[in-house]
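K.L.:
I'm passing along structure-v6.tsv; it holds TSV, C-alpha atoms.
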```tsv
chain	number	residue	atom	x	y	z
A	203	LEU	CA	-186.76	-24.73	25.01
A	204	ALA	CA	-189.32	-26.40	22.71
A	205	GLU	CA	-187.13	-29.49	22.48
A	206	HIS	CA	-186.91	-29.61	26.27
A	207	GLU	CA	-190.70	-29.34	26.53
A	208	MET	CA	-191.20	-32.17	24.00
A	209	PRO	CA	-189.25	-35.11	25.46
A	210	GLY	CA	-191.39	-37.67	23.62
A	211	LEU	CA	-190.28	-36.50	20.18
A	212	MET	CA	-186.68	-36.18	21.29
A	213	ALA	CA	-186.76	-39.74	22.68
A	214	ILE	CA	-188.17	-41.02	19.37
A	215	ARG	CA	-185.31	-39.34	17.50
A	216	LYS	CA	-182.75	-40.93	19.78
A	217	GLU	CA	-184.27	-44.40	19.53
A	218	TYR	CA	-185.22	-44.58	15.86
A	219	ALA	CA	-183.05	-42.13	13.89
A	220	GLU	CA	-180.52	-44.81	12.97
A	221	ALA	CA	-183.21	-47.16	11.64
A	222	GLN	CA	-184.76	-44.44	9.41
A	223	PRO	CA	-188.33	-45.82	9.67
A	224	LEU	CA	-189.74	-42.97	7.57
A	225	ALA	CA	-187.37	-43.41	4.64
A	226	GLY	CA	-189.41	-43.00	1.47
A	227	ALA	CA	-192.12	-40.97	3.17
A	228	ARG	CA	-193.06	-37.73	1.43
A	229	ILE	CA	-195.07	-35.83	4.01
A	230	THR	CA	-197.07	-32.69	3.37
A	231	GLY	CA	-197.91	-30.94	6.62
A	232	SER	CA	-200.64	-28.37	7.21
A	233	LEU	CA	-200.16	-27.38	10.83
A	234	HIS	CA	-199.49	-24.21	12.83
A	235	MET	CA	-195.89	-23.25	11.97
A	236	THR	CA	-194.57	-22.65	15.49
A	237	VAL	CA	-191.37	-23.61	17.28
A	238	GLN	CA	-193.13	-26.74	18.57
A	239	THR	CA	-194.01	-27.72	15.00
A	240	ALA	CA	-190.39	-27.06	14.07
A	241	VAL	CA	-189.37	-29.79	16.52
A	242	LEU	CA	-191.90	-32.12	14.90
A	243	ILE	CA	-190.61	-31.34	11.39
A	244	GLU	CA	-187.00	-31.90	12.43
A	245	THR	CA	-188.04	-35.21	14.00
A	246	LEU	CA	-189.75	-36.37	10.80
A	247	VAL	CA	-186.64	-35.48	8.81
A	248	ALA	CA	-184.37	-37.18	11.35
A	249	LEU	CA	-186.43	-40.37	10.90
A	250	GLY	CA	-185.91	-40.30	7.15
A	251	ALA	CA	-188.93	-38.42	5.76
A	252	ARG	CA	-188.95	-35.71	3.13
A	253	VAL	CA	-191.25	-32.89	4.15
A	254	ARG	CA	-193.06	-29.83	2.74
A	255	TRP	CA	-195.04	-27.58	5.05
A	256	ALA	CA	-197.76	-24.94	5.22
A	257	SER	CA	-199.56	-23.44	8.18
A	258	CYS	CA	-203.19	-24.28	8.86
A	259	ASN	CA	-203.99	-20.76	10.06
A	260	ILE	CA	-203.29	-17.32	8.59
A	261	PHE	CA	-202.31	-15.78	11.93
A	262	SER	CA	-200.51	-18.49	13.92
A	263	THR	CA	-197.16	-18.73	12.12
A	264	GLN	CA	-194.08	-17.74	14.08
A	265	ASP	CA	-191.95	-16.29	11.31
A	266	HIS	CA	-188.67	-17.03	13.05
A	267	ALA	CA	-189.62	-20.71	13.33
A	268	ALA	CA	-190.66	-20.88	9.66
A	269	ALA	CA	-187.41	-19.20	8.60
A	270	ALA	CA	-185.27	-21.50	10.73
A	271	ILE	CA	-186.85	-24.63	9.24
A	272	ALA	CA	-186.62	-23.28	5.68
A	273	VAL	CA	-182.95	-22.34	6.06
A	274	GLY	CA	-182.02	-25.58	7.85
A	275	PRO	CA	-178.96	-26.32	9.97
A	276	LEU	CA	-176.60	-26.34	6.96
A	277	GLY	CA	-178.08	-23.46	4.97
A	278	THR	CA	-177.98	-19.69	5.00
A	279	PRO	CA	-180.69	-17.10	4.30
A	280	GLY	CA	-179.18	-16.69	0.83
A	281	ASP	CA	-178.87	-20.44	0.29
A	282	PRO	CA	-181.65	-22.20	2.22
A	283	GLN	CA	-181.20	-25.97	2.49
A	284	GLY	CA	-183.93	-26.92	4.90
A	285	VAL	CA	-187.53	-28.02	4.53
A	286	PRO	CA	-189.70	-26.01	2.10
A	287	VAL	CA	-192.07	-23.95	4.25
A	288	PHE	CA	-194.92	-21.93	2.79
A	289	ALA	CA	-196.15	-19.88	5.73
A	290	TRP	CA	-195.90	-16.43	7.23
A	291	LYS	CA	-197.86	-14.55	9.83
A	292	GLY	CA	-200.73	-12.49	8.42
A	293	GLU	CA	-201.42	-14.31	5.17
A	294	THR	CA	-204.45	-13.30	3.16
A	295	LEU	CA	-206.93	-16.07	2.38
A	296	LYS	CA	-205.67	-16.15	-1.21
A	297	GLU	CA	-202.10	-16.49	0.01
A	298	TYR	CA	-203.14	-19.15	2.50
A	299	TRP	CA	-204.65	-21.42	-0.15
A	300	TRP	CA	-201.69	-20.77	-2.46
A	301	CYS	CA	-199.42	-21.92	0.36
A	302	THR	CA	-201.51	-25.06	0.88
A	303	GLU	CA	-201.26	-25.88	-2.82
A	304	GLN	CA	-197.50	-25.31	-2.80
A	305	ALA	CA	-197.05	-27.68	0.12
A	306	LEU	CA	-198.92	-30.33	-1.88
A	307	THR	CA	-196.98	-29.65	-5.10
A	308	TRP	CA	-193.73	-31.62	-5.01
A	309	PRO	CA	-190.80	-31.10	-7.43
A	310	ASP	CA	-189.83	-33.39	-10.33
A	311	GLY	CA	-193.35	-34.75	-10.76
A	312	GLN	CA	-193.41	-36.35	-7.33
A	313	THR	CA	-196.44	-36.29	-5.05
A	314	PRO	CA	-196.90	-36.58	-1.30
A	315	ASN	CA	-197.70	-40.03	0.07
A	316	MET	CA	-198.75	-38.85	3.54
A	317	ILE	CA	-200.58	-35.80	4.87
A	318	LEU	CA	-200.32	-34.42	8.37
A	319	ASP	CA	-203.41	-32.23	8.60
A	320	ASP	CA	-204.82	-29.85	11.19
A	321	GLY	CA	-208.34	-28.75	10.39
A	322	GLY	CA	-208.59	-30.72	7.17
A	323	ASP	CA	-207.83	-27.99	4.63
A	324	ALA	CA	-205.14	-29.94	2.74
A	325	THR	CA	-207.42	-32.97	2.65
A	326	VAL	CA	-210.39	-30.92	1.49
A	327	LEU	CA	-208.38	-29.24	-1.28
A	328	ILE	CA	-207.35	-32.62	-2.69
A	329	HIS	CA	-210.89	-33.99	-2.51
A	330	LYS	CA	-212.39	-30.93	-4.18
A	331	GLY	CA	-209.73	-31.07	-6.87
A	332	VAL	CA	-210.49	-34.74	-7.59
A	333	GLU	CA	-214.23	-34.06	-7.58
A	334	PHE	CA	-213.98	-31.29	-10.15
A	335	GLU	CA	-211.45	-33.16	-12.30
A	336	LYS	CA	-213.93	-36.02	-12.56
A	337	ALA	CA	-216.68	-33.55	-13.43
A	338	GLY	CA	-214.46	-31.98	-16.08
A	339	GLU	CA	-215.01	-28.46	-14.81
A	340	VAL	CA	-214.88	-26.30	-11.71
A	341	PRO	CA	-217.95	-24.27	-10.73
A	342	ALA	CA	-217.72	-20.57	-11.52
A	343	PRO	CA	-216.15	-18.72	-8.57
A	344	GLU	CA	-219.01	-16.22	-8.49
A	345	THR	CA	-221.36	-19.06	-7.47
A	346	ALA	CA	-219.47	-19.57	-4.19
A	347	ALA	CA	-221.42	-19.01	-1.00
A	348	ASP	CA	-218.55	-17.20	0.73
A	349	GLU	CA	-215.23	-15.50	-0.01
A	350	GLU	CA	-213.02	-18.39	1.03
A	351	TYR	CA	-214.79	-20.92	-1.18
A	352	ARG	CA	-214.59	-18.44	-4.05
A	353	ILE	CA	-210.80	-18.38	-3.62
A	354	ILE	CA	-210.68	-22.19	-3.58
A	355	LEU	CA	-212.70	-22.34	-6.80
A	356	GLU	CA	-210.40	-19.80	-8.44
A	357	LEU	CA	-207.36	-21.85	-7.45
A	358	LEU	CA	-208.89	-25.09	-8.74
A	359	ASN	CA	-209.98	-23.43	-11.99
A	360	HIS	CA	-206.35	-22.46	-12.51
A	361	THR	CA	-204.93	-25.92	-11.72
A	362	LEU	CA	-207.52	-27.68	-13.88
A	363	SER	CA	-206.43	-25.61	-16.88
A	364	GLU	CA	-202.68	-25.59	-16.14
A	365	SER	CA	-202.22	-29.10	-14.69
A	366	PRO	CA	-205.16	-31.35	-15.60
A	367	GLY	CA	-205.25	-34.52	-13.52
A	368	LYS	CA	-202.99	-33.04	-10.84
A	369	TRP	CA	-205.27	-33.72	-7.89
A	370	THR	CA	-206.26	-37.20	-9.03
A	371	ALA	CA	-202.56	-38.09	-9.28
A	372	ILE	CA	-201.89	-36.74	-5.81
A	373	ALA	CA	-204.85	-38.61	-4.27
A	374	ALA	CA	-203.73	-41.88	-5.88
A	375	THR	CA	-200.35	-41.85	-4.12
A	376	ILE	CA	-201.49	-40.85	-0.64
A	377	LYS	CA	-201.34	-43.75	1.79
A	378	GLY	CA	-203.21	-41.84	4.48
A	379	VAL	CA	-203.80	-38.67	6.44
A	380	THR	CA	-203.53	-37.92	10.13
A	381	GLU	CA	-205.94	-35.32	11.48
A	382	GLU	CA	-205.31	-33.42	14.69
A	383	THR	CA	-208.43	-31.35	15.35
A	384	THR	CA	-212.03	-32.00	16.34
A	385	THR	CA	-213.26	-29.93	13.39
A	386	GLY	CA	-211.06	-31.77	10.92
A	387	VAL	CA	-212.17	-35.14	12.26
A	388	HIS	CA	-215.80	-34.11	11.80
A	389	ARG	CA	-215.00	-33.35	8.16
A	390	LEU	CA	-213.40	-36.77	7.69
A	391	TYR	CA	-216.35	-38.60	9.25
A	392	GLU	CA	-218.73	-36.73	6.94
A	393	MET	CA	-216.64	-37.72	3.90
A	394	HIS	CA	-216.52	-41.34	5.06
A	395	ARG	CA	-220.26	-41.39	5.72
A	396	ASP	CA	-220.95	-40.09	2.23
A	397	GLY	CA	-218.50	-42.48	0.58
A	398	ARG	CA	-216.22	-39.64	-0.54
A	399	LEU	CA	-213.09	-40.31	1.51
A	400	LEU	CA	-210.32	-41.17	-0.96
A	401	PHE	CA	-207.69	-42.57	1.39
A	402	PRO	CA	-207.37	-43.91	4.95
A	403	ALA	CA	-207.42	-41.44	7.83
A	404	ILE	CA	-206.08	-41.66	11.36
A	405	ASN	CA	-208.07	-39.77	13.98
A	406	VAL	CA	-205.26	-38.33	16.07
A	407	ASN	CA	-207.57	-35.83	17.77
A	408	ASP	CA	-209.53	-38.45	19.68
A	409	SER	CA	-206.50	-40.25	21.03
A	410	VAL	CA	-206.50	-39.84	24.79
A	411	THR	CA	-203.13	-38.12	24.87
A	412	LYS	CA	-204.42	-35.46	22.48
A	413	SER	CA	-208.04	-34.65	23.27
A	414	LYS	CA	-207.76	-35.12	27.02
A	415	PHE	CA	-204.52	-33.18	27.31
A	416	ASP	CA	-203.90	-30.75	24.44
A	417	ASN	CA	-207.57	-29.81	24.09
A	418	LYS	CA	-208.13	-29.26	27.80
A	419	TYR	CA	-204.81	-28.28	29.30
A	420	GLY	CA	-203.35	-26.62	26.22
A	421	CYS	CA	-206.40	-24.37	25.93
A	422	ARG	CA	-206.37	-23.75	29.66
A	423	HIS	CA	-202.87	-22.37	29.18
A	424	SER	CA	-203.36	-20.45	25.94
A	425	LEU	CA	-206.77	-18.82	26.33
A	426	VAL	CA	-205.89	-16.26	28.99
A	427	ASP	CA	-202.52	-15.72	27.32
A	428	GLY	CA	-204.30	-14.82	24.08
A	429	ILE	CA	-206.78	-12.52	25.80
A	430	ASN	CA	-204.00	-10.77	27.70
A	431	ARG	CA	-201.86	-10.28	24.59
A	432	ALA	CA	-204.78	-8.98	22.54
A	433	THR	CA	-206.46	-6.73	25.12
A	434	ASP	CA	-204.39	-6.48	28.32
A	435	ALA	CA	-207.77	-6.36	30.07
A	436	LEU	CA	-208.08	-7.51	33.67
A	437	ILE	CA	-210.08	-10.75	33.70
A	438	GLY	CA	-210.71	-10.96	37.44
A	439	GLY	CA	-214.19	-9.80	38.45
A	440	LYS	CA	-215.60	-10.01	34.93
A	441	VAL	CA	-218.42	-12.24	33.71
A	442	ALA	CA	-217.17	-14.68	31.07
A	443	VAL	CA	-219.31	-16.90	28.84
A	444	VAL	CA	-217.82	-20.09	27.40
A	445	CYS	CA	-219.90	-21.49	24.54
A	446	GLY	CA	-219.35	-25.24	24.52
A	447	TYR	CA	-218.17	-27.55	27.31
A	448	GLY	CA	-216.27	-30.25	25.49
A	449	ASP	CA	-212.61	-30.80	26.26
A	450	VAL	CA	-211.65	-27.37	24.89
A	451	GLY	CA	-214.50	-25.62	26.70
A	452	LYS	CA	-213.58	-27.33	29.95
A	453	GLY	CA	-210.05	-25.98	29.73
A	454	CYS	CA	-211.31	-22.50	28.85
A	455	ALA	CA	-213.77	-22.36	31.73
A	456	GLU	CA	-211.11	-23.49	34.20
A	457	SER	CA	-208.67	-20.96	32.78
A	458	LEU	CA	-211.04	-18.02	33.16
A	459	ARG	CA	-212.14	-19.08	36.62
A	460	GLY	CA	-208.50	-19.30	37.65
A	461	GLN	CA	-208.14	-15.61	36.73
A	462	GLY	CA	-211.08	-14.67	38.95
A	463	ALA	CA	-213.84	-14.40	36.36
A	464	ARG	CA	-217.38	-15.56	37.05
A	465	VAL	CA	-217.82	-18.16	34.33
A	466	ILE	CA	-221.11	-19.09	32.67
A	467	VAL	CA	-221.37	-22.01	30.25
A	468	THR	CA	-223.71	-22.52	27.30
A	469	GLU	CA	-224.01	-26.08	26.04
A	470	ILE	CA	-226.56	-28.06	24.01
A	471	ASP	CA	-225.27	-31.53	24.89
A	472	PRO	CA	-227.04	-32.63	28.09
A	473	ILE	CA	-224.10	-34.65	29.43
A	474	CYS	CA	-221.59	-31.85	28.90
A	475	ALA	CA	-224.08	-29.36	30.37
A	476	LEU	CA	-224.46	-31.57	33.45
A	477	GLN	CA	-220.68	-31.81	33.75
A	478	ALA	CA	-220.47	-28.01	33.70
A	479	ALA	CA	-223.09	-27.77	36.43
A	480	MET	CA	-221.31	-30.40	38.55
A	481	ASP	CA	-218.05	-28.48	38.06
A	482	GLY	CA	-219.73	-25.46	39.64
A	483	PHE	CA	-220.56	-23.36	36.58
A	484	GLN	CA	-223.86	-21.70	35.85
A	485	VAL	CA	-225.34	-23.23	32.70
A	486	THR	CA	-227.75	-21.19	30.63
A	487	THR	CA	-228.40	-19.94	27.10
A	488	LEU	CA	-226.48	-17.24	25.27
A	489	ASP	CA	-229.64	-15.15	24.94
A	490	ALA	CA	-230.01	-15.07	28.71
A	491	VAL	CA	-226.57	-13.56	29.36
A	492	VAL	CA	-225.53	-11.82	26.14
A	493	ALA	CA	-226.32	-8.35	27.50
A	494	ALA	CA	-224.61	-8.88	30.86
A	495	ALA	CA	-221.31	-10.63	30.17
A	496	ASP	CA	-217.91	-9.04	29.55
A	497	ILE	CA	-216.08	-11.86	27.76
A	498	PHE	CA	-217.39	-14.42	25.26
A	499	VAL	CA	-215.41	-17.43	24.04
A	500	THR	CA	-216.68	-19.91	21.44
A	501	ALA	CA	-215.38	-23.47	21.73
A	502	THR	CA	-217.90	-25.64	19.92
A	503	GLY	CA	-216.48	-26.67	16.55
A	504	ASN	CA	-219.77	-25.53	14.99
A	505	ARG	CA	-220.66	-22.42	13.02
A	506	ASP	CA	-222.77	-19.34	13.77
A	507	ILE	CA	-222.58	-19.62	17.55
A	508	ILE	CA	-222.37	-15.85	18.07
A	509	LEU	CA	-224.13	-13.77	15.43
A	510	ALA	CA	-224.03	-10.08	14.61
A	511	SER	CA	-227.47	-9.82	16.21
A	512	ASP	CA	-225.98	-11.16	19.45
A	513	MET	CA	-223.11	-8.66	19.33
A	514	ALA	CA	-225.60	-5.83	18.96
A	515	LYS	CA	-226.92	-6.71	22.42
A	516	MET	CA	-223.52	-6.88	24.11
A	517	LYS	CA	-221.95	-4.32	26.40
A	518	HIS	CA	-219.70	-1.69	24.91
A	519	GLN	CA	-216.12	-3.08	24.78
A	520	ALA	CA	-217.21	-6.67	25.39
A	521	ILE	CA	-214.45	-9.09	24.37
A	522	VAL	CA	-215.44	-11.75	21.82
A	523	GLY	CA	-213.07	-14.54	20.84
A	524	ASN	CA	-213.00	-17.97	19.23
A	525	ILE	CA	-210.74	-20.81	20.30
A	526	GLY	CA	-212.21	-23.35	17.89
A	527	HIS	CA	-210.28	-24.14	14.73
A	528	PHE	CA	-212.39	-22.12	12.28
A	529	ASP	CA	-213.48	-18.53	12.82
A	530	ASN	CA	-216.99	-19.13	11.45
A	531	GLU	CA	-218.13	-19.87	15.01
A	532	ILE	CA	-218.54	-16.08	15.11
A	533	ASP	CA	-220.53	-14.32	12.39
```
When written as structure tokens, how does the structure in this file appear?
P.N.:
Amino acid sequence: LAEHEMPGLMAIRKEYAEAQPLAGARITGSLHMTVQTAVLIETLVALGARVRWASCNIFSTQDHAAAAIAVGPLGTPGDPQGVPVFAWKGETLKEYWWCTEQALTWPDGQTPNMILDDGGDATVLIHKGVEFEKAGEVPAPETAADEEYRIILELLNHTLSESPGKWTAIAATIKGVTEETTTGVHRLYEMHRDGRLLFPAINVNDSVTKSKFDNKYGCRHSLVDGINRATDALIGGKVAVVCGYGDVGKGCAESLRGQGARVIVTEIDPICALQAAMDGFQVTTLDAVVAAADIFVTATGNRDIILASDMAKMKHQAIVGNIGHFDNEID
């Protein structure tokens, strides 16, 4: 079914498999390990690439897809012969960063020469590793501002002692990274602005066929599906607040309206706010509606959009969700 729904990748296989244009490519992927990603991985392999994979989210892995790719068409569960996959649904943060490191750690002293990133975590891990290797030490984990960064510092402390120079060697062989999310692209632009970006980056997210289709129509499809799976609550007749009216927010607002919700938009960008108004949505601030709405969805790519102090003002059983890449949009 996924292959049928992805005719572009299947056409690329058919046209280019014989030429093996990716021969010599060693690709580390950090992307949601779903059946759709399985089609992508199989396409990369069919075009000649060697691949190692981790998920970019602790909850999104479809275990059957990960298992199928790891076993491969010629392997068995007892003798897997497919692509190394380091991902399972429900990872802890410590397991997640271990998986990311494993996807970047190739056998026989080899290193990846390309990264396919979603959210920028693989890229960030390499850059932090190089930064601390140059400094000669990793900051003490207890100095970290949050739990996740503490785990990253613990991991890098271990690699610096066990494999000194590891991250510098990896960075030196990488020809480039592709980045698929708005949040990850923001990270790359910040690194480039500060002169810290170690290798070329391709902004896949802002290609028209991604941001204007996946971001809008993909989220239009998946938002109500996620709410229904998580809550089974009737959306029709409820007041829903969408925080952010970029491409993702546009899809979310349309999705909720299609289910019969009265949708309100919060947005700080004047052009996006005007678009929301012209699309027929009430535009206001979160403070103005936090006590009245039933459903809240963050879609900004920024942090601290909904705080604990906001939740204290919400109705009992209000539904709060984030569709941005990182969950720090909600405190």
K.L.:
Kindly indicate which residue among A:Glu392, A:Val443, A:Thr375, A:His527 lies nearest to A:Val492, using only C-alpha atoms for the distances.
P.N.:
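Smallest separation from A:Val492 among the options: A:Val443.
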K.L.:
So the first atom is atom CA of A:Ala520 and the second is atom CA of A:Lys452; what is the distance between them in Å, to one decimal place?
P.N.:
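Spanning atom CA of A:Ala520 to atom CA of A:Lys452 is a straight-line distance of 21.5 Å.
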K.L.:
Which residues are near A:Asn259? Cut-off 10 Å, all atoms listed in the file, ignore same chain within fewer than 2 positions. Put them as an NGL selection string.
P.N.:
:A and (232-235 or 256-257 or 261-263 or 289-293 or 295 or 298 or 320-321 or 323 or 527-528)
K.L.:
Keeping only C-alpha atoms, write the selected residues to a file as a compact mmCIF listing (two decimals), in the coordinates of the input.
P.N.:
```
# COMPACT_ATOMS: atom_id res chain seq x y z
CA SER A 232 -200.64 -28.37 7.21
CA LEU A 233 -200.16 -27.38 10.83
CA HIS A 234 -199.49 -24.21 12.83
CA MET A 235 -195.89 -23.25 11.97
CA ALA A 256 -197.76 -24.94 5.22
CA SER A 257 -199.56 -23.44 8.18
CA PHE A 261 -202.31 -15.78 11.93
CA SER A 262 -200.51 -18.49 13.92
CA THR A 263 -197.16 -18.73 12.12
CA ALA A 289 -196.15 -19.88 5.73
CA TRP A 290 -195.90 -16.43 7.23
CA LYS A 291 -197.86 -14.55 9.83
CA GLY A 292 -200.73 -12.49 8.42
CA GLU A 293 -201.42 -14.31 5.17
CA LEU A 295 -206.93 -16.07 2.38
CA TYR A 298 -203.14 -19.15 2.50
CA ASP A 320 -204.82 -29.85 11.19
CA GLY A 321 -208.34 -28.75 10.39
CA ASP A 323 -207.83 -27.99 4.63
CA HIS A 527 -210.28 -24.14 14.73
CA PHE A 528 -212.39 -22.12 12.28
```
K.L.:
Give me the residues near stretch 381-389 of chain A as a ChimeraX atom specification, where near means some atom within 6 Å (using all atoms listed in the file) and where sequence neighbours in that chain fewer than 2 positions away do not count.
P.N.:
/A:319-322,391-392,405-407,503
K.L.:
Which one is closest to A:Leu224: A:Ser511, A:Thr236, A:Thr245, A:Gln484? Count all atoms listed in the file.
P.N.:
A:Thr245
K.L.:
Take atom CA of A:Ile317 and atom CA of A:Asp408 and report the distance between them in Å, one decimal.
P.N.:
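Going from atom CA of A:Ile317 over to atom CA of A:Asp408, I get 17.5 Å.
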K.L.:
For A:Val491, work out the shell of residues within 10 Å, counting only C-alpha atoms and skipping chain neighbours fewer than 3 positions away, then give it as a PyMOL selection string.
P.N.:
chain A and resi 441-443+466-468+486-488+494-496+515-516
K.L.:
List the spatial neighbours of stretch 335-348 of chain A as a list of chain:residue names - criterion: any atom at most 12 Å away, all atoms listed in the file, same-chain residues fewer than 4 positions off excluded.
P.N.:
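Result of the neighbour search: A:Leu295, A:Ile328, A:His329, A:Lys330, A:Gly331, A:Arg352, A:Ile353, A:Ile354, A:Leu355, A:Glu356, A:Leu357, A:Leu358, A:Asn359, A:His360, A:Thr361, A:Leu362, A:Ser363, A:Ser365, A:Pro366, A:Gly367, A:Lys368, A:Trp369, A:Thr370, A:Ala371, A:Ala373, A:Asn530.
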K.L.:
Give me the residues near A:Ala251 as a PyMOL selection string, where near means some atom within 7 Å (using all atoms listed in the file) and where sequence neighbours in that chain fewer than 4 positions away do not count.
P.N.:
chain A and resi 224-229+246-247
K.L.:
What is the atom CA of A:Leu399-atom CA of A:Leu306 distance in Å, reported with one decimal?
P.N.:
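Taking atom CA of A:Leu399 as the start and atom CA of A:Leu306 as the end point, the length is 17.7 Å.
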K.L.:
Name the closest residue to A:Asp416 among the candidates A:Pro314, A:Gly482, A:Gly523, A:Gly453; distances are taken between atoms, counting all atoms listed in the file.
P.N.:
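Ranking A:Pro314, A:Gly482, A:Gly523, A:Gly453 by distance to A:Asp416, first place goes to A:Gly453.
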K.L.:
Considering all atoms listed in the file, state which residue in the set A:Ala475, A:Ala493, A:Cys454, A:Met480 is at the smallest distance from A:Gly526.
P.N.:
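Closest candidate: A:Cys454.
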K.L.:
With all atoms listed in the file as the atoms that count, which of A:Gly277, A:Glu350, A:Ala204, A:Glu220 lies nearest to A:Val241?
P.N.:
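The answer is A:Ala204, which sits nearest to A:Val241.
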K.L.:
Which of these residues is nearest to A:Val499, using only C-alpha atoms: A:Val253, A:Cys421, A:Leu436, A:Cys474?
P.N.:
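The shortest atom-to-atom distance to A:Val499 comes from A:Cys421.
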